[in-house]
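Structure data (mmCIF, C-alpha atoms) from target21.cif:
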data_my_file
loop_
_atom_site.label_atom_id
_atom_site.label_comp_id
_atom_site.auth_asym_id
_atom_site.auth_seq_id
_atom_site.Cartn_x
_atom_site.Cartn_y
_atom_site.Cartn_z
CA MET A 704 1.77 -31.94 42.88
CA GLY A 705 -0.77 -34.62 43.85
CA VAL A 706 -3.07 -33.59 41.00
CA TYR A 707 -0.11 -33.65 38.60
CA ARG A 708 0.75 -37.21 39.61
CA ILE A 709 -2.83 -38.37 39.20
CA ASN A 710 -3.06 -36.81 35.73
CA LEU A 711 0.28 -38.32 34.75
CA ASN A 712 -0.91 -41.74 35.85
CA ILE A 713 -4.11 -41.35 33.83
CA LEU A 714 -2.07 -40.30 30.81
CA LYS A 715 0.18 -43.35 31.16
CA ASN A 716 -2.75 -45.75 31.52
CA THR A 717 -4.50 -44.19 28.54
CA ALA A 718 -1.36 -44.53 26.41
CA ILE A 719 -1.03 -48.20 27.37
CA LEU A 720 -4.67 -48.83 26.53
CA ALA A 721 -4.44 -47.00 23.19
CA THR A 722 -1.30 -48.93 22.26
CA PHE A 723 -2.93 -52.30 22.92
CA ILE A 724 -6.10 -51.27 21.07
CA ILE A 725 -4.07 -50.41 17.95
CA ILE A 726 -1.94 -53.56 18.22
CA PHE A 727 -4.89 -55.93 18.52
CA PHE A 728 -6.84 -54.15 15.82
CA ILE A 729 -3.90 -54.81 13.47
CA PHE A 730 -3.77 -58.39 14.75
CA GLY A 731 -7.44 -58.88 13.89
CA LEU A 732 -7.04 -57.47 10.37
CA ASN A 733 -5.25 -60.67 9.28
CA ILE A 734 -2.52 -58.75 7.45
CA PRO A 735 0.15 -61.24 6.36
CA THR A 736 3.28 -60.98 8.54
CA TYR A 737 2.11 -57.77 10.26
CA SER A 738 -0.69 -59.39 12.25
CA THR A 739 1.68 -62.05 13.56
CA ALA A 740 4.23 -59.37 14.36
CA ALA A 741 1.55 -57.41 16.25
CA ILE A 742 0.97 -60.21 18.76
CA VAL A 743 4.72 -60.58 19.26
CA VAL A 744 4.94 -56.83 19.98
CA ALA A 745 2.09 -57.08 22.50
CA PHE A 746 3.83 -60.04 24.14
CA SER A 747 7.07 -58.07 24.34
CA ILE A 748 5.31 -55.10 25.96
CA CYS A 749 3.86 -57.40 28.63
CA LEU A 750 7.37 -58.70 29.31
CA MET A 751 8.77 -55.18 29.44
CA PHE A 752 6.19 -54.09 32.03
CA GLY A 753 6.77 -57.23 34.07
CA TRP A 754 3.16 -58.34 33.62
CA TYR A 755 4.31 -61.91 32.99
CA SER A 756 4.15 -62.32 36.78
CA ASN A 757 0.35 -62.57 36.36
CA CYS A 758 0.95 -65.94 34.69
CA LEU A 759 3.00 -67.39 37.52
CA ASN A 760 0.31 -69.50 39.14
CA THR A 761 -0.26 -73.24 39.00
CA ASN A 762 -3.71 -73.06 37.41
CA PHE A 763 -2.58 -71.05 34.41
CA LEU A 764 0.69 -72.93 33.98
CA ILE A 765 -1.23 -76.21 33.69
CA LYS A 766 -3.44 -74.69 30.98
CA LEU A 767 -0.42 -73.24 29.20
CA SER A 768 1.31 -76.63 29.32
CA LEU A 769 -1.69 -78.30 27.70
CA LEU A 770 -1.83 -75.66 24.95
CA SER A 771 1.92 -75.82 24.39
CA PHE A 772 1.90 -79.61 24.19
CA PHE A 773 -1.03 -79.51 21.77
CA THR A 774 0.60 -76.90 19.56
CA GLY A 775 4.00 -78.56 19.61
CA SER A 776 2.74 -82.08 18.90
CA TYR A 777 0.22 -80.93 16.28
CA TYR A 778 2.66 -78.95 14.18
CA LEU A 779 5.48 -81.44 14.66
CA ILE A 780 3.29 -84.23 13.26
CA LEU A 781 2.10 -82.03 10.39
CA TYR A 782 5.74 -81.20 9.61
CA LEU A 783 6.71 -84.88 9.63
CA TYR A 784 3.85 -85.61 7.24
CA GLY A 785 5.05 -82.78 5.00
CA ASP A 786 1.81 -80.80 5.40
CA VAL A 787 3.54 -77.65 6.67
CA THR A 788 6.98 -76.13 6.39
CA LEU A 789 9.22 -75.82 9.44
CA ARG A 790 8.92 -72.04 9.29
CA SER A 791 5.14 -72.19 9.20
CA ALA A 792 5.05 -74.66 12.09
CA LEU A 793 7.27 -72.48 14.27
CA THR A 794 5.49 -69.24 13.34
CA ASN A 795 2.02 -70.63 14.08
CA SER A 796 3.17 -72.19 17.35
CA ILE A 797 4.68 -68.91 18.55
CA LEU A 798 1.57 -66.99 17.43
CA ILE A 799 -0.82 -69.23 19.38
CA ILE A 800 1.21 -69.47 22.58
CA CYS A 801 2.09 -65.76 22.64
CA ALA A 802 -1.57 -64.85 22.12
CA TYR A 803 -2.66 -66.92 25.11
CA ILE A 804 0.09 -65.66 27.41
CA THR A 805 -0.52 -62.05 26.36
CA GLY A 806 -4.23 -62.30 27.11
CA ARG A 807 -3.51 -63.61 30.60
CA SER A 808 -0.62 -61.20 31.18
CA ILE A 809 -2.49 -57.96 30.50
CA ASN A 810 -2.64 -56.15 33.82
CA VAL A 811 -6.23 -54.89 33.90
CA PRO A 812 -5.71 -52.29 36.71
CA SER A 813 -2.95 -50.69 34.59
CA LEU A 814 -5.43 -49.87 31.82
CA GLN A 815 -7.50 -46.71 31.71
CA GLY A 816 -11.05 -47.78 32.43
CA ASP A 817 -9.92 -50.88 34.32
CA ILE A 818 -12.12 -53.81 33.29
CA TYR A 819 -13.71 -51.76 30.50
CA GLY A 820 -10.25 -51.07 29.12
CA ALA A 821 -9.68 -54.82 28.83
CA ILE A 822 -13.03 -55.16 27.07
CA LEU A 823 -12.05 -52.40 24.62
CA ILE A 824 -8.88 -54.33 23.76
CA LEU A 825 -10.95 -57.45 23.10
CA LEU A 826 -13.44 -55.46 21.02
CA SER A 827 -10.59 -53.91 19.01
CA MET A 828 -9.44 -57.41 18.01
CA ILE A 829 -12.99 -58.38 17.07
CA ALA A 830 -13.30 -55.13 15.10
CA GLY A 831 -10.21 -56.03 13.09
CA LEU A 832 -11.55 -59.53 12.35
CA ILE A 833 -14.96 -58.22 11.29
CA ILE A 834 -13.55 -55.41 9.13
CA PHE A 835 -11.27 -57.94 7.42
CA THR A 836 -14.33 -60.01 6.49
CA LEU A 837 -16.17 -56.92 5.25
CA LEU A 838 -13.25 -55.75 3.11
CA SER A 839 -12.69 -59.22 1.65
CA VAL A 840 -16.36 -59.76 0.85
CA ASN A 841 -16.79 -56.34 -0.75
CA ILE A 842 -13.69 -56.59 -2.92
CA SER A 843 -14.77 -60.07 -4.04
CA ILE A 844 -18.24 -58.82 -4.97
CA LEU A 845 -16.76 -55.94 -6.98
CA ASP A 846 -14.16 -58.13 -8.68
CA LYS A 847 -15.89 -61.51 -9.13
CA PRO A 848 -19.50 -61.44 -7.88
CA GLU A 849 -20.22 -64.88 -9.32
CA MET A 850 -17.52 -66.35 -7.08
CA VAL A 851 -19.41 -65.17 -3.99
CA VAL A 852 -22.93 -65.93 -5.22
CA VAL A 853 -22.39 -69.30 -6.90
CA SER A 854 -19.33 -70.96 -5.37
CA ARG A 855 -19.46 -69.08 -2.05
CA GLN A 856 -15.77 -68.23 -2.17
CA VAL A 857 -14.01 -65.02 -1.22
CA GLN A 858 -10.55 -63.73 -1.96
CA SER A 859 -8.47 -62.09 0.76
CA PHE A 860 -8.43 -58.32 0.75
CA TRP A 861 -4.65 -58.36 1.22
CA ASP A 862 -3.72 -60.72 -1.63
CA ALA A 863 -5.26 -62.86 -4.34
CA ASP A 864 -5.56 -65.97 -2.18
CA VAL A 865 -9.01 -67.55 -2.18
CA LEU A 866 -10.29 -67.98 1.36
CA GLN A 867 -12.38 -70.91 2.49
CA GLN A 868 -15.13 -68.49 3.42
CA ALA A 869 -17.79 -70.95 4.50
CA THR A 870 -15.51 -71.86 7.38
CA PHE A 871 -13.05 -69.07 7.98
CA LEU A 872 -15.12 -65.93 7.34
CA GLY A 873 -18.18 -67.56 8.91
CA VAL A 874 -16.22 -67.84 12.16
CA LEU A 875 -15.21 -64.18 12.02
CA SER A 876 -18.63 -62.79 11.14
CA SER A 877 -20.20 -64.88 13.89
CA LEU A 878 -18.14 -62.98 16.46
CA GLY A 879 -20.05 -59.83 15.57
CA SER A 880 -23.61 -61.12 15.23
CA THR A 881 -23.44 -63.19 18.42
CA LEU A 882 -22.81 -60.01 20.45
CA MET A 883 -26.40 -58.86 19.88
CA PRO A 884 -27.70 -60.01 23.32
CA ALA A 885 -25.12 -57.75 25.00
CA LEU A 886 -27.16 -54.75 23.81
CA LEU A 887 -29.81 -55.66 26.39
CA TYR A 888 -27.34 -55.02 29.20
CA VAL A 889 -25.72 -51.77 28.09
CA ASP A 890 -27.33 -49.86 30.96
CA SER A 891 -25.55 -52.06 33.51
CA ILE A 892 -22.22 -50.47 32.52
CA LYS A 893 -20.84 -48.67 35.57
CA MET A 894 -19.81 -45.52 33.68
CA ASN A 895 -21.28 -42.24 32.50
CA HIS A 896 -24.27 -42.18 30.16
CA ILE A 897 -22.16 -41.22 27.12
CA TYR A 898 -19.88 -44.24 27.58
CA LYS A 899 -22.88 -46.55 27.67
CA ILE A 900 -24.04 -45.15 24.35
CA CYS A 901 -20.54 -45.55 22.88
CA PHE A 902 -20.30 -49.19 23.95
CA GLY A 903 -23.79 -49.78 22.59
CA LEU A 904 -22.92 -48.22 19.22
CA ILE A 905 -19.72 -50.26 18.98
CA VAL A 906 -21.55 -53.53 19.59
CA LEU A 907 -24.41 -52.50 17.30
CA SER A 908 -22.01 -51.72 14.45
CA PHE A 909 -20.39 -55.15 14.89
CA VAL A 910 -23.78 -56.84 14.76
CA LEU A 911 -24.87 -54.99 11.62
CA ILE A 912 -21.66 -55.63 9.70
CA ALA A 913 -21.66 -59.29 10.73
CA LEU A 914 -25.28 -59.77 9.67
CA TYR A 915 -24.53 -58.15 6.32
CA VAL A 916 -21.48 -60.36 5.72
CA GLY A 917 -23.18 -63.49 7.00
CA THR A 918 -26.16 -62.85 4.72
CA LEU A 919 -24.00 -62.49 1.61
CA LEU A 920 -22.00 -65.59 2.48
CA GLN A 921 -25.11 -67.63 3.30
CA ASN A 922 -23.67 -68.86 6.60
CA ARG A 923 -25.88 -70.85 8.94
CA LEU A 924 -23.66 -71.42 11.97
CA PRO A 925 -23.79 -67.74 13.06
CA HIS A 926 -27.56 -68.09 13.44
CA PHE A 927 -27.10 -70.99 15.85
CA SER A 928 -24.47 -69.00 17.75
CA LEU A 929 -26.83 -66.04 18.07
CA LEU A 930 -29.77 -68.16 19.21
CA LEU A 931 -27.70 -70.00 21.81
CA ALA A 932 -26.12 -66.75 23.04
CA LEU A 933 -29.55 -65.13 23.35
CA LEU A 934 -31.01 -68.00 25.36
CA ILE A 935 -28.05 -68.22 27.74
CA SER A 936 -27.82 -64.44 28.18
CA LEU A 937 -31.51 -64.21 29.00
CA PHE A 938 -31.09 -66.91 31.62
CA ILE A 939 -28.02 -65.29 33.19
CA GLY A 940 -29.55 -61.81 33.32
CA ARG A 941 -33.18 -62.76 33.93
CA LYS A 942 -33.41 -60.91 37.27
CA TYR A 943 -31.78 -57.82 35.86
CA LEU A 944 -34.09 -57.71 32.83
CA LEU A 945 -37.18 -57.92 35.01
CA ARG A 946 -36.04 -54.77 36.79
CA LEU A 947 -34.61 -53.03 33.74
CA PHE A 948 -37.51 -50.89 32.67
CA ASN A 949 -36.66 -47.44 33.90
CA ARG A 950 -36.54 -44.31 31.80
CA ARG A 951 -32.83 -44.25 31.22
CA ALA A 952 -32.61 -47.89 30.17
CA ILE A 953 -35.60 -47.54 27.85
CA SER A 954 -34.12 -44.43 26.22
CA ILE A 955 -30.86 -46.26 25.44
CA MET A 956 -32.68 -49.29 24.04
CA ILE A 957 -34.91 -47.08 21.88
CA PHE A 958 -31.81 -45.29 20.60
CA LEU A 959 -30.21 -48.58 19.61
CA ILE A 960 -33.40 -49.92 18.03
CA VAL A 961 -33.79 -46.73 15.99
CA GLY A 962 -30.20 -47.08 14.83
CA LEU A 963 -30.89 -50.64 13.71
CA SER A 964 -34.07 -49.59 11.91
CA VAL A 965 -32.29 -46.79 10.04
CA PHE A 966 -29.68 -49.24 8.82
CA LEU A 967 -32.24 -51.79 7.66
CA PHE A 968 -34.10 -49.25 5.58
CA THR A 969 -31.13 -47.75 3.78
CA ASN A 970 -30.20 -48.43 0.18
CA ILE A 971 -28.42 -51.62 1.13
CA ILE A 972 -31.78 -53.40 1.22
CA ASP A 973 -32.38 -52.46 -2.42
CA HIS A 974 -29.02 -53.88 -3.44
CA ILE A 975 -29.23 -57.23 -1.70
CA TYR A 976 -32.98 -57.94 -1.75
CA SER A 977 -32.93 -60.01 -4.91
CA PHE A 978 -29.76 -61.76 -3.76
CA VAL A 979 -31.30 -62.68 -0.41
CA TYR A 980 -34.53 -63.94 -1.94
CA ASN A 981 -33.20 -65.78 -4.97
CA VAL A 982 -30.02 -67.26 -3.51
CA ILE A 983 -30.20 -67.53 0.25
CA TYR A 984 -33.90 -68.35 0.49
CA VAL A 985 -33.51 -70.99 -2.20
CA ARG A 986 -30.50 -72.48 -0.37
CA PHE A 987 -32.31 -72.82 2.91
CA GLN A 988 -35.39 -74.15 1.15
CA SER A 989 -33.43 -76.82 -0.70
CA GLU A 990 -30.86 -77.71 1.98
CA GLY A 991 -32.50 -76.68 5.22
CA LEU A 992 -30.27 -77.88 8.05
CA ASP A 993 -28.89 -80.82 6.07
CA THR A 994 -25.12 -80.87 5.88
CA TYR A 995 -22.41 -83.36 5.04
CA ARG A 996 -20.68 -82.45 8.32
CA TYR A 997 -22.68 -85.01 10.28
CA VAL A 998 -21.63 -87.80 7.93
CA SER A 999 -17.97 -86.77 8.19
CA TRP A 1000 -18.22 -86.65 11.98
CA SER A 1001 -19.60 -90.19 12.15
CA TYR A 1002 -16.87 -91.53 9.85
CA MET A 1003 -14.14 -89.81 11.84
CA ILE A 1004 -15.44 -90.87 15.26
CA GLY A 1005 -15.69 -94.44 14.03
CA GLY A 1006 -12.13 -94.35 12.72
CA LEU A 1007 -10.41 -92.55 15.59
CA PHE A 1008 -8.60 -95.61 16.90
CA ASP A 1009 -8.01 -97.06 13.44
CA SER A 1010 -5.68 -94.15 12.69
CA PRO A 1011 -4.33 -92.87 16.05
CA PHE A 1012 -1.55 -90.85 14.39
CA GLY A 1013 -3.65 -88.95 11.86
CA GLY A 1014 -2.25 -88.51 8.39
CA ARG A 1015 -5.68 -88.02 6.76
CA SER A 1016 -6.01 -91.79 6.47
CA VAL A 1017 -9.56 -92.06 7.85
CA TYR A 1018 -12.30 -92.08 5.23
CA ILE A 1019 -14.62 -89.09 5.84
CA GLY A 1020 -16.73 -89.24 2.71
CA ASN A 1021 -16.27 -86.76 -0.11
CA ALA A 1022 -15.21 -83.96 2.23
CA SER A 1023 -11.72 -82.53 2.58
CA TYR A 1024 -12.28 -81.69 6.24
CA VAL A 1025 -14.31 -83.17 9.08
CA HIS A 1026 -15.60 -79.65 9.88
CA ASN A 1027 -14.99 -79.94 13.61
CA LEU A 1028 -11.93 -78.46 15.30
CA TRP A 1029 -11.11 -81.42 17.53
CA LEU A 1030 -11.95 -84.12 14.99
CA ASP A 1031 -10.00 -82.30 12.29
CA VAL A 1032 -6.97 -82.21 14.60
CA ALA A 1033 -7.31 -85.99 15.04
CA PHE A 1034 -7.82 -86.41 11.29
CA ARG A 1035 -4.57 -84.64 10.50
CA ALA A 1036 -2.36 -85.29 13.54
CA GLY A 1037 -3.92 -88.06 15.60
CA LEU A 1038 -5.24 -88.65 19.11
CA ILE A 1039 -2.47 -87.09 21.22
CA PRO A 1040 -2.89 -83.45 20.07
CA MET A 1041 -6.67 -83.88 19.98
CA LEU A 1042 -6.78 -85.01 23.62
CA CYS A 1043 -4.48 -82.18 24.69
CA LEU A 1044 -6.72 -79.64 22.94
CA ILE A 1045 -9.87 -81.10 24.49
CA MET A 1046 -8.33 -80.96 27.98
CA PHE A 1047 -7.17 -77.39 27.36
CA HIS A 1048 -10.69 -76.28 26.45
CA ILE A 1049 -12.30 -78.18 29.32
CA ALA A 1050 -9.89 -76.43 31.69
CA GLN A 1051 -11.37 -73.06 30.63
CA ILE A 1052 -14.85 -73.87 31.91
CA LYS A 1053 -14.02 -72.94 35.49
CA SER A 1054 -13.01 -69.41 34.45
CA PHE A 1055 -16.36 -68.83 32.70
CA ILE A 1056 -18.24 -70.14 35.73
CA SER A 1057 -16.27 -67.79 37.97
CA ILE A 1058 -17.15 -64.82 35.76
CA ILE A 1059 -20.83 -65.74 35.59
CA LYS A 1060 -21.02 -66.12 39.39
CA SER A 1061 -19.01 -62.96 40.05
CA ASN A 1062 -20.29 -59.47 40.79
CA MET A 1063 -18.89 -58.27 37.50
CA THR A 1064 -21.01 -55.87 35.44
CA LEU A 1065 -23.62 -57.84 33.50
CA PHE A 1066 -22.68 -56.20 30.19
CA VAL A 1067 -19.14 -57.54 30.57
CA VAL A 1068 -20.33 -60.99 31.67
CA ILE A 1069 -22.77 -61.34 28.77
CA LEU A 1070 -20.28 -60.01 26.23
CA LEU A 1071 -17.64 -62.53 27.34
CA VAL A 1072 -20.18 -65.35 27.31
CA CYS A 1073 -21.39 -64.38 23.82
CA VAL A 1074 -17.87 -64.32 22.41
CA GLY A 1075 -17.17 -67.66 24.04
CA ILE A 1076 -20.31 -69.17 22.53
CA SER A 1077 -19.36 -67.85 19.10
CA PHE A 1078 -15.96 -69.51 19.26
CA LEU A 1079 -17.45 -72.73 20.66
CA VAL A 1080 -20.08 -73.11 17.93
CA SER A 1081 -17.45 -72.33 15.30
CA PHE A 1082 -15.16 -75.00 16.76
CA VAL A 1083 -17.98 -77.54 16.64
CA GLY A 1084 -18.87 -76.87 13.00
CA ASP A 1085 -15.67 -75.67 11.32
CA PRO A 1086 -12.04 -76.81 10.83
CA THR A 1087 -10.58 -73.73 12.55
CA MET A 1088 -6.93 -74.84 12.52
CA ASP A 1089 -7.13 -75.57 8.81
CA SER A 1090 -9.00 -72.38 7.96
CA SER A 1091 -6.80 -69.97 9.87
CA PRO A 1092 -4.33 -70.50 12.72
CA LEU A 1093 -4.71 -66.76 13.41
CA SER A 1094 -8.40 -67.15 14.24
CA PHE A 1095 -7.50 -69.96 16.65
CA ALA A 1096 -4.83 -67.69 18.14
CA ALA A 1097 -7.54 -65.02 18.54
CA SER A 1098 -9.61 -67.50 20.55
CA CYS A 1099 -6.58 -68.21 22.74
CA PHE A 1100 -6.08 -64.49 23.38
CA PHE A 1101 -9.74 -64.25 24.33
CA LEU A 1102 -9.41 -67.21 26.71
CA GLY A 1103 -6.34 -65.55 28.23
CA ILE A 1104 -8.35 -62.41 28.97
CA VAL A 1105 -11.15 -64.54 30.44
CA ASN A 1106 -8.61 -66.24 32.72
CA SER A 1107 -7.26 -62.85 33.79
CA LEU A 1108 -10.69 -61.37 34.54
CA ALA A 1109 -11.83 -64.53 36.33
CA PHE A 1110 -8.73 -64.45 38.52
CA GLY A 1111 -9.49 -60.86 39.62
CA SER A 1112 -13.28 -61.08 39.48
CA ARG A 1113 -13.63 -60.34 43.22
CA ASN A 1114 -12.36 -56.82 42.56
CA TYR A 1115 -15.31 -55.92 40.36
CA GLU A 1116 -18.75 -55.06 41.66
CA ARG A 1117 -22.00 -55.46 39.82
CA PRO A 1118 -24.10 -52.31 40.33
CA SER A 1119 -27.60 -52.74 41.63
CA VAL A 1120 -30.40 -51.87 39.23
CA ARG A 1121 -32.08 -48.64 40.18
CA THR A 1122 -35.79 -48.63 39.68
CA ASN A 1123 -36.30 -44.93 40.35
CA GLU A 1124 -34.75 -42.03 38.49
#

Could you spell out this file's structure in structure tokens?
Amino acid sequence: MGVYRINLNILKNTAILATFIIIFFIFGLNIPTYSTAAIVVAFSICLMFGWYSNCLNTNFLIKLSLLSFFTGSYYLILYLYGDVTLRSALTNSILIICAYITGRSINVPSLQGDIYGAILILLSMIAGLIIFTLLSVNISILDKPEMVVVSRQVQSFWDADVLQQATFLGVLSSLGSTLMPALLYVDSIKMNHIYKICFGLIVLSFVLIALYVGTLLQNRLPHFSLLLALLISLFIGRKYLLRLFNRRAISIMIFLIVGLSVFLFTNIIDHIYSFVYNVIYVRFQSEGLDTYRYVSWSYMIGGLFDSPFGGRSVYIGNASYVHNLWLDVAFRAGLIPMLCLIMFHIAQIKSFISIIKSNMTLFVVILLVCVGISFLVSFVGDPTMDSSPLSFAASCFFLGIVNSLAFGSRNYERPSVRTNE
């Protein structure tokens, strides 16, 4: 009877995990209506299980209040300016707030695999986002290749809408490529050898797809995200890396490197070589790191108090957006929502510090840090709220999971690195 109960509990936890993986994969796919509905379903499941009790602490309620006040004031002002419909304002507000609460509500011990189950849910959302970029880019290349090559525009896989790819899809592809440093810490996973390989292959596939998409779209921000993530991850795991070189770790790294090499020398190189050389190389040669973003930033910062209620009244040059999340919020809706958003993001720093200082498995720590860096760099260089409220909601779900893991970080132990086999 005892064995039966244990197996039944495992079955229940596995079913819960599988359900959330499917839901957040659909959420990440950016399917009109369905992706929004997916987060509402996940939120409802958390309510049904009573997991909302995880949110009933002062620290989280303060953060939630800041996010709610930002979302409410931002969309109310946009509605008053006539920039969004009432339905769109309500839908986006519900999407963002539900995503954050759901991330914090997920009861990690109730998932099969515990902390790794939570990471699989996060990776499923990232998988959906990356696959959406891949599908959209490929269908655009097949349909109108000149639109991708010349004007750097992509149409959505789900409809004929033209996406602002330099901002929106750049954010999504960056989530995959920035995970590359996590491959160095695969052997720290406290599970069987086969699971380590599976996690490594999942992350590797994300990296490869993201690099492919980022190359075709000529994005530069993902490169900064990757460089910053690599430097910070090396600093965090410096002691571990010095002791990493044992046979098992080396075998896994060789396996992953071979996988990367096989991909690089497939036929895809033949198809995009001329594109990379003639278009991307020329772009970086001619433009380098120059961008109109810096000019727009300076105009907007200088005009913050001249237009405290937004309305797009500040002159930002010839650009339509400031290309900075917080400044774009001020540009459209004024100082109040911008300050609320800044305070909300500052309030998340403590959770990341707690995770970095915890005994949590290094692979998990580095993966969370890399995803956080990807979102941060994207926020600095792109108008996320204008590009896609869903991608901002995805960042809120991620922050919710970070809050949840930070709150229970004492329950996770970082395994010592074994130097002898």

### Which residue of A:Leu929, A:Ala1036, A:Ile834, A:Ile935 approaches A:Ile734 most closely, using only C-alpha atoms
A:Ile834

### Message
Would you compute the distance between atom CA of A:Arg790 and atom CA of A:Pro1011? Give it in Å to one decimal.
### Response
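Between atom CA of A:Arg790 and atom CA of A:Pro1011 the gap is 25.6 Å.
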
#### Entry: Residues within 10 Å of A:Ser1098, only C-alpha atoms, excluding chain neighbours under 5 positions, as a VMD selection string
chain A and resid 799 802 to 803 806 1074 to 1075 1077 to 1079 1092 to 1093 1103 to 1104

Written file, previous selection with C-alpha atoms, as a short mmCIF file (atom, residue, chain, number, x, y, z; two decimals), in the frame of the given file:
data_model
loop_
_atom_site.label_atom_id
_atom_site.label_comp_id
_atom_site.auth_asym_id
_atom_site.auth_seq_id
_atom_site.Cartn_x
_atom_site.Cartn_y
_atom_site.Cartn_z
CA ILE A 799 -0.82 -69.23 19.38
CA ALA A 802 -1.57 -64.85 22.12
CA TYR A 803 -2.66 -66.92 25.11
CA GLY A 806 -4.23 -62.30 27.11
CA VAL A 1074 -17.87 -64.32 22.41
CA GLY A 1075 -17.17 -67.66 24.04
CA SER A 1077 -19.36 -67.85 19.10
CA PHE A 1078 -15.96 -69.51 19.26
CA LEU A 1079 -17.45 -72.73 20.66
CA PRO A 1092 -4.33 -70.50 12.72
CA LEU A 1093 -4.71 -66.76 13.41
CA GLY A 1103 -6.34 -65.55 28.23
CA ILE A 1104 -8.35 -62.41 28.97
#

## Note on the structure
Between atom CA of A:Val906 and atom CA of A:Asn922 lies a distance of 20.2 Å

### Message
Using all atoms listed in the file, list the residues that have an atom at most 8 Å from (-26.2, -49.5, 30.5), coordinates as in the file, as a list in words.
### Response
Tyr888, Val889, Asp890, Ser891, Ile892, Lys893, His896, Lys899, Ile900, Ala952, Ile955 and Phe1066 of chain A

### Query
Which residue gives the smallest distance to A:Ser1054 among A:Leu783, A:Ile800, A:Val1068, A:Leu720, with all atoms listed in the file counted?
A:Val1068

### Query
Closest to A:Ser880 among A:Val744, A:Ser999, A:Gly1014, A:Ile1076, using all atoms listed in the file?
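Using all atoms listed in the file, the shortest distance to A:Ser880 belongs to A:Ile1076.
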
### Query
With distances taken over only C-alpha atoms, which of A:Ile1059, A:Pro1040, A:Asp1031, A:Met894 is nearest to A:Ser936?
A:Ile1059

### Query
Suppose you want the space between atom CA of A:Ala721 and atom CA of A:Leu1065; what is it in Å?
24.3 Å
